[in-house]
Each structure stands twice: as structure tokens, then as C-alpha cells.
$ cat final.cif   # mmCIF, C-alpha atoms and all ligand atoms
data_my_file
loop_
_atom_site.label_atom_id
_atom_site.label_comp_id
_atom_site.auth_asym_id
_atom_site.auth_seq_id
_atom_site.Cartn_x
_atom_site.Cartn_y
_atom_site.Cartn_z
CA MET A 1 104.92 89.34 94.78
CA ASP A 2 102.55 86.37 94.38
CA LYS A 3 99.13 86.81 95.89
CA MET A 4 98.10 83.99 98.22
CA ILE A 5 94.78 85.31 99.59
CA THR A 6 92.38 87.70 97.86
CA VAL A 7 89.25 88.93 99.59
CA THR A 8 86.82 91.10 97.64
CA HIS A 9 83.68 92.77 98.97
CA LEU A 10 83.24 89.98 101.51
CA GLN A 11 80.03 90.20 103.50
CA LYS A 12 78.22 87.99 105.97
CA THR A 13 74.76 88.70 107.27
CA PHE A 14 73.16 86.60 109.99
CA LYS A 15 69.45 86.40 110.58
CA LYS A 16 68.33 86.56 114.18
CA THR A 17 64.87 86.04 115.63
CA VAL A 18 63.98 88.94 117.88
CA LYS A 19 62.02 87.94 120.95
CA GLN A 20 60.04 90.54 122.89
CA PRO A 21 60.22 90.08 126.68
CA GLY A 22 57.65 88.01 128.58
CA LEU A 23 55.40 85.08 127.75
CA LYS A 24 53.42 87.07 125.16
CA GLY A 25 56.66 87.92 123.37
CA GLY A 26 57.72 84.26 123.45
CA ILE A 27 54.42 83.08 121.91
CA LYS A 28 54.52 85.81 119.24
CA ALA A 29 58.11 84.86 118.35
CA LEU A 30 56.93 81.27 117.91
CA PHE A 31 54.05 82.02 115.51
CA ARG A 32 55.05 85.29 113.88
CA PRO A 33 58.79 85.54 114.35
CA GLU A 34 60.32 88.93 113.83
CA ILE A 35 63.53 88.47 111.89
CA GLU A 36 66.34 90.94 112.21
CA THR A 37 69.41 90.88 110.01
CA PHE A 38 72.82 91.50 111.46
CA GLU A 39 75.86 92.36 109.34
CA ALA A 40 78.80 90.61 111.01
CA VAL A 41 81.21 91.28 108.12
CA LYS A 42 80.74 94.31 105.87
CA ASP A 43 82.54 94.75 102.58
CA LEU A 44 86.04 93.54 103.52
CA ASN A 45 88.74 93.84 100.88
CA PHE A 46 92.36 92.75 101.21
CA GLU A 47 95.14 90.87 99.48
CA ILE A 48 97.81 88.84 101.27
CA PRO A 49 101.04 88.10 99.40
CA LYS A 50 102.77 84.73 99.70
CA GLY A 51 104.90 84.44 102.84
CA GLU A 52 103.34 87.33 104.77
CA ILE A 53 102.34 87.12 108.44
CA PHE A 54 99.07 89.02 108.39
CA GLY A 55 97.74 90.12 111.78
CA PHE A 56 93.95 90.07 111.66
CA ILE A 57 92.94 92.12 114.65
CA GLY A 58 89.77 93.36 116.30
CA ALA A 59 87.92 93.55 119.61
CA ASN A 60 85.59 90.76 120.73
CA GLY A 61 82.69 90.40 118.33
CA ALA A 62 84.38 92.42 115.57
CA GLY A 63 83.84 89.68 112.98
CA LYS A 64 87.22 87.92 112.92
CA SER A 65 85.94 84.36 113.43
CA THR A 66 83.17 84.88 110.90
CA THR A 67 85.75 86.02 108.32
CA ILE A 68 88.07 83.09 109.09
CA LYS A 69 85.14 80.68 108.82
CA MET A 70 84.46 82.04 105.32
CA LEU A 71 88.14 81.84 104.38
CA THR A 72 88.38 78.26 105.57
CA GLY A 73 85.17 77.25 103.83
CA ILE A 74 83.08 76.57 106.96
CA LEU A 75 80.68 79.45 106.22
CA THR A 76 79.41 80.71 102.87
CA PRO A 77 79.60 84.47 102.31
CA THR A 78 76.33 86.35 101.85
CA SER A 79 78.11 88.19 99.04
CA GLY A 80 81.63 88.87 97.84
CA ALA A 81 84.36 86.30 97.43
CA CYS A 82 87.60 84.90 98.77
CA LEU A 83 90.25 83.14 96.77
CA ILE A 84 93.08 81.24 98.44
CA ASN A 85 95.93 79.99 96.29
CA GLY A 86 93.57 80.43 93.36
CA LYS A 87 90.85 78.27 94.93
CA ASN A 88 87.40 79.12 96.18
CA PRO A 89 87.11 77.55 99.68
CA GLN A 90 83.40 76.87 99.25
CA LYS A 91 83.67 75.28 95.79
CA ASN A 92 86.92 73.30 95.72
CA ARG A 93 86.61 71.96 99.26
CA THR A 94 88.59 68.69 98.91
CA ALA A 95 91.45 70.24 96.99
CA TYR A 96 91.32 73.32 99.16
CA VAL A 97 91.83 71.67 102.57
CA LYS A 98 95.18 70.37 101.35
CA ASP A 99 96.35 73.97 101.01
CA ILE A 100 95.47 75.13 104.50
CA GLY A 101 96.24 74.39 108.13
CA VAL A 102 94.06 75.71 110.96
CA VAL A 103 94.81 76.09 114.66
CA PHE A 104 92.26 77.37 117.16
CA GLY A 105 94.07 78.26 120.39
CA GLN A 106 91.03 77.60 122.55
CA ARG A 107 90.23 74.20 121.03
CA THR A 108 92.36 71.25 120.03
CA GLN A 109 92.05 69.22 116.85
CA LEU A 110 93.99 66.36 118.46
CA TRP A 111 92.43 63.16 119.80
CA TRP A 112 92.35 63.44 123.55
CA ASP A 113 93.13 59.80 124.41
CA LEU A 114 95.61 58.96 121.66
CA ALA A 115 99.34 59.34 122.09
CA LEU A 116 100.50 62.28 120.06
CA GLN A 117 102.48 60.19 117.57
CA GLU A 118 99.41 58.02 116.91
CA THR A 119 97.41 61.17 116.17
CA TYR A 120 100.02 62.15 113.62
CA SER A 121 99.86 58.67 112.06
CA VAL A 122 96.09 59.02 111.68
CA LEU A 123 96.51 62.46 110.08
CA LYS A 124 99.14 61.00 107.75
CA GLU A 125 96.50 58.58 106.43
CA ILE A 126 93.81 61.26 106.20
CA TYR A 127 96.05 63.51 104.12
CA GLY A 128 97.53 60.60 102.14
CA ILE A 129 101.12 61.49 102.99
CA SER A 130 103.78 59.00 101.84
CA ASP A 131 106.02 57.29 104.44
CA SER A 132 109.16 59.08 103.32
CA ALA A 133 107.48 62.51 103.17
CA PHE A 134 105.97 61.88 106.62
CA HIS A 135 109.32 61.00 108.22
CA LYS A 136 110.99 64.01 106.68
CA ARG A 137 108.16 66.26 107.81
CA MET A 138 108.12 64.89 111.37
CA ALA A 139 111.88 65.44 111.64
CA PHE A 140 111.44 69.09 110.64
CA LEU A 141 108.45 69.65 112.96
CA ASN A 142 110.30 67.98 115.83
CA GLU A 143 113.21 70.28 115.35
CA VAL A 144 111.14 73.47 115.20
CA LEU A 145 108.52 72.60 117.82
CA ASP A 146 110.54 70.31 120.07
CA LEU A 147 107.91 67.56 120.25
CA ASN A 148 110.17 64.64 121.19
CA ALA A 149 109.87 64.99 124.94
CA PHE A 150 106.12 64.33 124.88
CA ILE A 151 105.35 62.64 121.54
CA LYS A 152 104.54 59.32 123.22
CA ASP A 153 102.18 60.91 125.77
CA PRO A 154 98.39 60.97 125.44
CA VAL A 155 97.18 64.42 124.41
CA ARG A 156 95.11 64.81 127.58
CA THR A 157 98.28 64.79 129.72
CA LEU A 158 100.02 67.60 127.81
CA SER A 159 100.48 71.06 129.27
CA LEU A 160 98.78 73.92 127.42
CA GLY A 161 102.08 75.00 125.83
CA GLN A 162 102.92 71.44 124.71
CA ARG A 163 99.41 71.03 123.34
CA MET A 164 99.75 74.22 121.35
CA ARG A 165 103.04 73.04 119.84
CA ALA A 166 101.43 69.67 119.09
CA ASP A 167 98.43 71.39 117.44
CA ILE A 168 100.64 73.61 115.29
CA ALA A 169 102.61 70.51 114.16
CA ALA A 170 99.35 68.72 113.31
CA SER A 171 98.16 71.65 111.21
CA LEU A 172 101.47 71.68 109.29
CA LEU A 173 101.86 67.96 108.69
CA HIS A 174 100.60 68.13 105.11
CA ASN A 175 102.79 71.13 104.29
CA PRO A 176 100.01 73.67 103.74
CA LYS A 177 100.65 76.93 101.93
CA VAL A 178 98.45 78.92 104.30
CA LEU A 179 98.19 78.65 108.06
CA PHE A 180 95.28 80.14 110.01
CA LEU A 181 96.34 80.70 113.61
CA ASP A 182 93.61 81.81 115.97
CA GLU A 183 95.02 83.03 119.32
CA PRO A 184 98.05 80.69 119.36
CA THR A 185 99.51 82.13 122.57
CA ILE A 186 96.32 82.48 124.61
CA GLY A 187 96.67 81.41 128.25
CA LEU A 188 100.40 80.62 127.99
CA ASP A 189 103.09 82.02 130.25
CA VAL A 190 105.69 84.43 128.93
CA ALA A 191 108.51 81.93 128.24
CA VAL A 192 106.19 79.49 126.46
CA LYS A 193 104.67 82.30 124.38
CA ASP A 194 108.18 83.18 123.35
CA ASN A 195 108.92 79.60 122.19
CA ILE A 196 105.72 79.44 120.18
CA ARG A 197 106.46 82.79 118.52
CA LYS A 198 109.98 81.65 117.58
CA ALA A 199 108.57 78.48 116.02
CA ILE A 200 105.93 80.42 114.05
CA LYS A 201 108.59 82.81 112.77
CA GLN A 202 110.93 79.96 111.80
CA ILE A 203 108.21 78.08 109.90
CA ASN A 204 107.21 81.26 108.08
CA GLN A 205 110.81 82.05 107.12
CA GLU A 206 111.95 78.56 106.18
CA GLU A 207 108.85 77.50 104.30
CA GLN A 208 107.38 80.80 103.14
CA THR A 209 104.08 79.78 104.73
CA THR A 210 101.51 82.56 104.53
CA ILE A 211 100.05 83.05 108.00
CA LEU A 212 96.80 84.71 108.99
CA LEU A 213 97.11 85.33 112.71
CA THR A 214 94.35 86.42 115.04
CA THR A 215 95.44 87.55 118.45
CA HIS A 216 94.60 89.86 121.32
CA ASP A 217 98.25 89.85 122.41
CA LEU A 218 100.06 93.00 121.32
CA ASN A 219 103.43 91.28 121.72
CA ASP A 220 102.36 88.69 119.13
CA ILE A 221 101.49 91.59 116.86
CA GLU A 222 104.74 93.46 117.49
CA LEU A 223 107.02 90.46 117.25
CA LEU A 224 105.37 88.45 114.51
CA CYS A 225 103.26 90.45 112.11
CA ASP A 226 104.51 92.00 108.90
CA ARG A 227 101.21 93.76 108.53
CA ILE A 228 98.16 94.56 110.65
CA PHE A 229 94.61 94.58 109.40
CA MET A 230 92.20 95.85 112.01
CA ILE A 231 88.44 95.54 111.87
CA ASP A 232 85.65 96.85 114.01
CA ARG A 233 81.97 95.91 113.69
CA GLY A 234 82.80 93.97 110.55
CA GLN A 235 84.58 96.83 108.78
CA GLU A 236 88.20 97.69 108.10
CA ILE A 237 89.55 100.47 110.30
CA PHE A 238 93.30 100.09 109.69
CA ASP A 239 95.67 98.37 107.28
CA GLY A 240 99.41 98.94 107.70
CA SER A 241 102.65 98.05 109.45
CA VAL A 242 103.20 97.83 113.23
CA THR A 243 105.17 101.10 113.06
CA GLN A 244 102.26 102.81 111.33
CA LEU A 245 99.89 101.33 113.92
CA LYS A 246 101.94 102.86 116.73
CA GLN A 247 102.16 106.21 114.96
CA ARG A 248 98.44 106.28 114.52
CA PHE A 249 97.20 104.85 117.82
CA GLY A 250 99.95 105.85 120.23
CA LYS A 251 102.32 103.96 122.45
CA ILE A 252 101.34 100.51 123.55
CA HIS A 253 103.50 99.94 126.62
CA GLU A 254 102.66 101.57 129.90
CA VAL A 255 104.18 101.82 133.40
CA ARG A 256 102.26 103.38 136.28
CA PHE A 257 104.00 104.66 139.41
CA ASP A 258 102.34 105.51 142.71
CA MET A 259 104.35 108.09 144.64
CA THR A 260 104.26 109.37 148.19
CA ARG A 261 104.98 113.05 147.59
CA GLN A 262 103.21 115.46 145.26
CA ASP A 263 106.43 117.43 145.20
CA ASP A 264 108.26 114.51 143.52
CA VAL A 265 105.48 114.18 140.96
CA ASP A 266 105.65 117.87 140.09
CA LYS A 267 109.43 117.88 139.71
CA LEU A 268 109.68 114.64 137.73
CA ASN A 269 110.89 115.32 134.22
CA TYR A 270 111.41 112.29 132.00
CA GLN A 271 112.40 114.49 129.08
CA ASP A 272 115.78 115.00 130.85
CA LEU A 273 116.75 111.48 129.90
CA PHE A 274 114.21 110.07 127.47
CA SER A 275 112.54 111.31 124.35
CA ASP A 276 109.40 110.07 122.68
CA LEU A 277 107.25 109.12 125.66
CA GLU A 278 103.93 110.33 126.94
CA VAL A 279 103.53 111.22 130.63
CA ARG A 280 100.24 111.62 132.47
CA LYS A 281 100.17 112.91 136.04
CA GLU A 282 97.06 112.47 138.19
CA GLY A 283 97.55 113.34 141.88
CA THR A 284 100.40 111.20 143.14
CA GLN A 285 100.09 108.79 140.24
CA VAL A 286 102.28 109.03 137.16
CA THR A 287 101.60 107.00 134.01
CA VAL A 288 104.23 106.74 131.31
CA GLN A 289 103.41 105.40 127.85
CA PHE A 290 106.35 104.50 125.66
CA ASP A 291 107.73 102.45 122.81
CA ALA A 292 109.56 99.39 124.17
CA SER A 293 111.79 99.23 121.10
CA LYS A 294 113.20 102.67 122.05
CA ILE A 295 113.08 102.68 125.85
CA ALA A 296 113.92 99.76 128.14
CA ILE A 297 111.52 99.28 131.07
CA PRO A 298 114.38 98.78 133.63
CA ASP A 299 115.91 102.14 132.58
CA LEU A 300 112.58 103.86 133.00
CA ILE A 301 112.04 102.33 136.43
CA LYS A 302 115.62 103.04 137.58
CA PHE A 303 115.31 106.69 136.57
CA THR A 304 111.98 107.09 138.37
CA LEU A 305 113.29 105.48 141.57
CA THR A 306 116.21 107.90 141.70
CA GLN A 307 113.84 110.87 141.33
CA ALA A 308 110.91 109.98 143.56
CA ASP A 309 109.72 107.96 146.53
CA VAL A 310 107.71 105.24 144.80
CA THR A 311 105.24 102.98 146.64
CA ASP A 312 103.94 100.89 143.75
CA ILE A 313 104.83 100.09 140.16
CA ALA A 314 102.48 98.49 137.64
CA VAL A 315 103.61 97.48 134.18
CA LYS A 316 100.71 97.25 131.80
CA ASP A 317 100.54 97.01 128.06
CA ALA A 318 97.64 98.55 126.21
CA ASP A 319 95.31 95.92 124.81
CA ILE A 320 93.47 95.70 121.53
CA GLU A 321 90.30 97.13 123.08
CA GLU A 322 92.30 100.13 124.40
CA ILE A 323 93.86 100.71 120.97
CA ILE A 324 90.43 100.63 119.35
CA ARG A 325 89.06 103.05 121.99
CA ARG A 326 91.94 105.38 121.13
CA PHE A 327 91.09 105.07 117.46
CA PHE A 328 87.51 106.22 118.04
CA ARG A 329 88.62 108.99 120.45
CA LYS A 330 90.94 110.32 117.71
CA GLU A 331 88.17 110.07 115.13
CA ILE A 332 85.93 112.17 117.39
CA GLU A 333 88.72 114.71 118.03
CA ASN A 334 89.29 115.07 114.29
CA VAL A 335 85.63 115.72 113.42
N1 LIG B 1 75.85 82.06 113.70
C1 LIG B 1 75.63 83.30 114.08
N2 LIG B 1 74.38 83.80 114.16
C2 LIG B 1 74.14 85.08 114.54
N3 LIG B 1 75.11 85.96 114.88
C3 LIG B 1 76.38 85.52 114.85
C4 LIG B 1 76.72 84.18 114.45
N4 LIG B 1 78.08 84.04 114.51
C5 LIG B 1 78.56 85.25 114.91
N5 LIG B 1 77.55 86.14 115.13
C6 LIG B 1 77.68 87.53 115.55
O1 LIG B 1 78.56 88.18 114.63
C7 LIG B 1 79.40 89.11 115.32
C8 LIG B 1 80.86 88.78 115.00
O2 LIG B 1 81.23 87.56 115.67
P1 LIG B 1 82.65 86.88 115.51
O3 LIG B 1 82.61 85.61 116.27
O4 LIG B 1 83.01 86.82 114.08
O5 LIG B 1 83.59 87.93 116.24
P2 LIG B 1 85.12 87.82 116.66
O6 LIG B 1 85.75 89.08 116.15
O7 LIG B 1 85.68 86.55 116.20
O8 LIG B 1 85.05 87.86 118.24
P3 LIG B 1 85.96 87.08 119.36
O9 LIG B 1 87.25 87.84 119.42
O10 LIG B 1 85.13 87.26 120.59
O11 LIG B 1 86.10 85.67 118.91
C9 LIG B 1 79.07 88.99 116.80
O12 LIG B 1 78.20 90.05 117.15
C10 LIG B 1 78.37 87.64 116.90
O13 LIG B 1 77.40 87.67 117.93
#
$ encode --input "final.cif" --output "C-alpha cells"
Amino acid sequence: MDKMITVTHLQKTFKKTVKQPGLKGGIKALFRPEIETFEAVKDLNFEIPKGEIFGFIGANGAGKSTTIKMLTGILTPTSGACLINGKNPQKNRTAYVKDIGVVFGQRTQLWWDLALQETYSVLKEIYGISDSAFHKRMAFLNEVLDLNAFIKDPVRTLSLGQRMRADIAASLLHNPKVLFLDEPTIGLDVAVKDNIRKAIKQINQEEQTTILLTTHDLNDIELLCDRIFMIDRGQEIFDGSVTQLKQRFGKIHEVRFDMTRQDDVDKLNYQDLFSDLEVRKEGTQVTVQFDASKIAIPDLIKFTLTQADVTDIAVKDADIEEIIRRFFRKEIENV
């Protein structure tokens, strides 16, 4: 398969001035600053084939943004290299930006006061897109992202979900080969997240766009990513499929039941009906961790309610931080 992104021995070191506490420390830092180096990205190596949705995952501060900034040409690596569609993002900047689209979920690249369609017209000029190519492209993006209902509205009046769809369309207007999506479903409600995911999947399948996706949402990971690459403190800790991720780090869906009677808790046996789940009992609280592709939540809840007097139910999915904690717990256990 064709390689679209190649990252070799990529490193980024930041220099920070260390300031001792107090006025004396402040003055010393001013005249004789103590410089500390901090390795935000350490020796990353990966290859992404054309058309893959690559989940780039890590806890806060792991080094994801720093890596994306190097891949998009905003930051220069301290050492190592990245090659995207055969181009070096730092060297072939003008040619390179035509190959990539970037969406930051927390920030918009759209002009706040312009109507959405005017924004697209401006981008058309910036990218030098011909009239016919532009109309064809807009028709496709309208179909996938359903922009028509709000395309005449100023960006500032759009809901967060509409704005995200509008931002994704803007990043795809020039038909890039690679799309960088940073937290595309952040802050959206479940139904809207679902729409965005469907659109991302459709674009990837119809156009073979290579997508590098950063997300803290495990449903994004499960439903979208062909492959997961996890980093912690700038270093790779996992590279594999979602199935391998689950095998290695455990189940990611969790339901917690609060029960009135200890007796019920003691008698409760999920293995009667279900296989492949993990049950933890603590006093009158029972926590079940399971794989949602094998066990449906309503079945699990129905079974529990027929077996025990339940006062509270909480459905909670493990988050990235929890998965990484599990990773380090396992590492310690295996020492
Ligand atoms: N310009 C900079 N100068 C100094 N340190 C920096 C700079 N940019 C990032 N860092 C540090 O590098 C580390 C990695 O940051 P980065 O933003 O890449 O993490 P992240 O994985 O994207 O986190 P988040 O999920 O919170 O966005 C952090 O400890 C951060 O404080």
C-alpha cells in the first residue's frame, strides 16, 4: 500500500527558563537565567498508508499537538523528519499546504462575521480553485455534511455541531490528500457526534483521504479508527488495532449498579448469561466492565434488575487517561 505519512526519529525539545521562587529568584532568572530542556516528543516512528484513519491518542500533555504542529509545518523538529505525500512540511511549505486540511475542534478557521458561503468563496480564491471544480466540490460537501440549511448564516450564529461541519467542509475544499482532525467531536451531543463521525467515514471511504485523528473520545476511536497509535510523555506506548487495544488494556465500557441488599450482590452471577465481562463487587456496589460490541447495555441492565434491588445505575465509559493508567498498572504487574 502507498505510504502517505512517514515519521522517522521525530523529536522536539523545548527550552524553558526555570525561575526559583521569590523576588531573588525572579531577579536571578532575569540576569542569569537557568535554562532547562524539556523533551515533548521523543523518537517517534510511524508510517501511515494512504486512506487510513490513524487514531493519534494520548493523555493531556502527551505531545500530540507538538507532533501535529511538526507534521503540519508550524513547528520545526529538533531532530528527525516527517514526510507527507513525499514532501517535507518545513521545506515545501507552499506546495505542501495544498496537500493537507486541518481542523482544530476547539478553534475555528472560519471568519466569524462572514456568511458561511462567503467564507468558502474566499477560500476558493486563496486555494486558486476553478469555478467548475468549486461547484462540484461544494455539491459533494453539501451532500456529506448537510450544509445547506445554514450556508447563508454568519458563522457566529452557528451551533457548535454546525460549525464543526462547516469547518470540516472548509478544510476539504481544496481536496487535500491528508486531513488532520484534532478533537472533531469535542463538546457535541451524542446525535451530532454521530453525524460528524458518519461524514468523516464517508469522506475517507469515497475519497481515500488519509486522516490523522486526535481524540479523547473512545467512541470516536472505536467507530472510526483503523489503527491506534498511543503516546505518553512524547513516546510511543502502543501501535495496533482497536481490537488489540481492548485485548491489551481491558474493556472500555462500564456500568455501575448500587444495590440495597448485600445478599443480592453476593448471589449475582453474570456468567449465567454473559461471557467475557469483568465484575467488581465493593460492598453494595457492583461494577461491570464489558465490550459493547458483544454485550448490549439494555440486556445487562435488564438482567441485573431481575436479580437485584437496584437503587442507582451509572453508565460510564473508560477514558483515555483511565486506559493509560491501566497500561502503567499492567507494566508494573509484569515487572
Ligand atoms: N512552546 C512550548 N514551550 C514549552 N513547552 C511546551 C511548548 N508547547 C508544548 N509544551 C509542553 O510539551 C508537552 C506536550 O504538549 P502538547 O501540547 O503537545 O500535548 P498534547 O498531547 O497535545 O496535550 P492536550 O491533549 O492537552 O492538547 C507539555 O508538557 C507542554 O507543556
$ residues_near_ligand --input "final.cif" --ligand "ligand LIG 1 (chain B)" --cutoff "9 Å" --atoms "only C-alpha atoms and all ligand atoms" --output "PyMOL selection string"
chain A and resi 12-16+37-41+57-69+182+214-216+231-234
$ write_last_selection --input "final.cif" --atoms "C-alpha atoms" --output "CSV table (one decimal), in the coordinates of the input"
chain,number,residue,atom,x,y,z
A,12,LYS,CA,78.2,88.0,106.0
A,13,THR,CA,74.8,88.7,107.3
A,14,PHE,CA,73.2,86.6,110.0
A,15,LYS,CA,69.4,86.4,110.6
A,16,LYS,CA,68.3,86.6,114.2
A,37,THR,CA,69.4,90.9,110.0
A,38,PHE,CA,72.8,91.5,111.5
A,39,GLU,CA,75.9,92.4,109.3
A,40,ALA,CA,78.8,90.6,111.0
A,41,VAL,CA,81.2,91.3,108.1
A,57,ILE,CA,92.9,92.1,114.6
A,58,GLY,CA,89.8,93.4,116.3
A,59,ALA,CA,87.9,93.6,119.6
A,60,ASN,CA,85.6,90.8,120.7
A,61,GLY,CA,82.7,90.4,118.3
A,62,ALA,CA,84.4,92.4,115.6
A,63,GLY,CA,83.8,89.7,113.0
A,64,LYS,CA,87.2,87.9,112.9
A,65,SER,CA,85.9,84.4,113.4
A,66,THR,CA,83.2,84.9,110.9
A,67,THR,CA,85.8,86.0,108.3
A,68,ILE,CA,88.1,83.1,109.1
A,69,LYS,CA,85.1,80.7,108.8
A,182,ASP,CA,93.6,81.8,116.0
A,214,THR,CA,94.4,86.4,115.0
A,215,THR,CA,95.4,87.6,118.4
A,216,HIS,CA,94.6,89.9,121.3
A,231,ILE,CA,88.4,95.5,111.9
A,232,ASP,CA,85.6,96.8,114.0
A,233,ARG,CA,82.0,95.9,113.7
A,234,GLY,CA,82.8,94.0,110.6
$ atom_distance --input "final.cif" --atom1 "CA of Phe56 in chain A" --atom2 "CA of Ala296 in chain A"
27.6 Å
$ atom_distance --input "final.cif" --atom1 "CA of Lys87 in chain A" --atom2 "CA of Val7 in chain A"
11.7 Å
$ closest_residue --input "final.cif" --among "A:Gln285, A:Phe257, A:Trp111, A:Phe150" --to "Ile301 in chain A" --atoms "only C-alpha atoms"
A:Phe257
$ atom_distance --input "final.cif" --atom1 "CA of Leu116 in chain A" --atom2 "CA of Leu145 in chain A"
13.3 Å
$ closest_residue --input "final.cif" --among "A:Ile196, A:Ala292, A:Glu236, A:Gly101" --to "His174 in chain A" --atoms "only C-alpha atoms"
A:Gly101
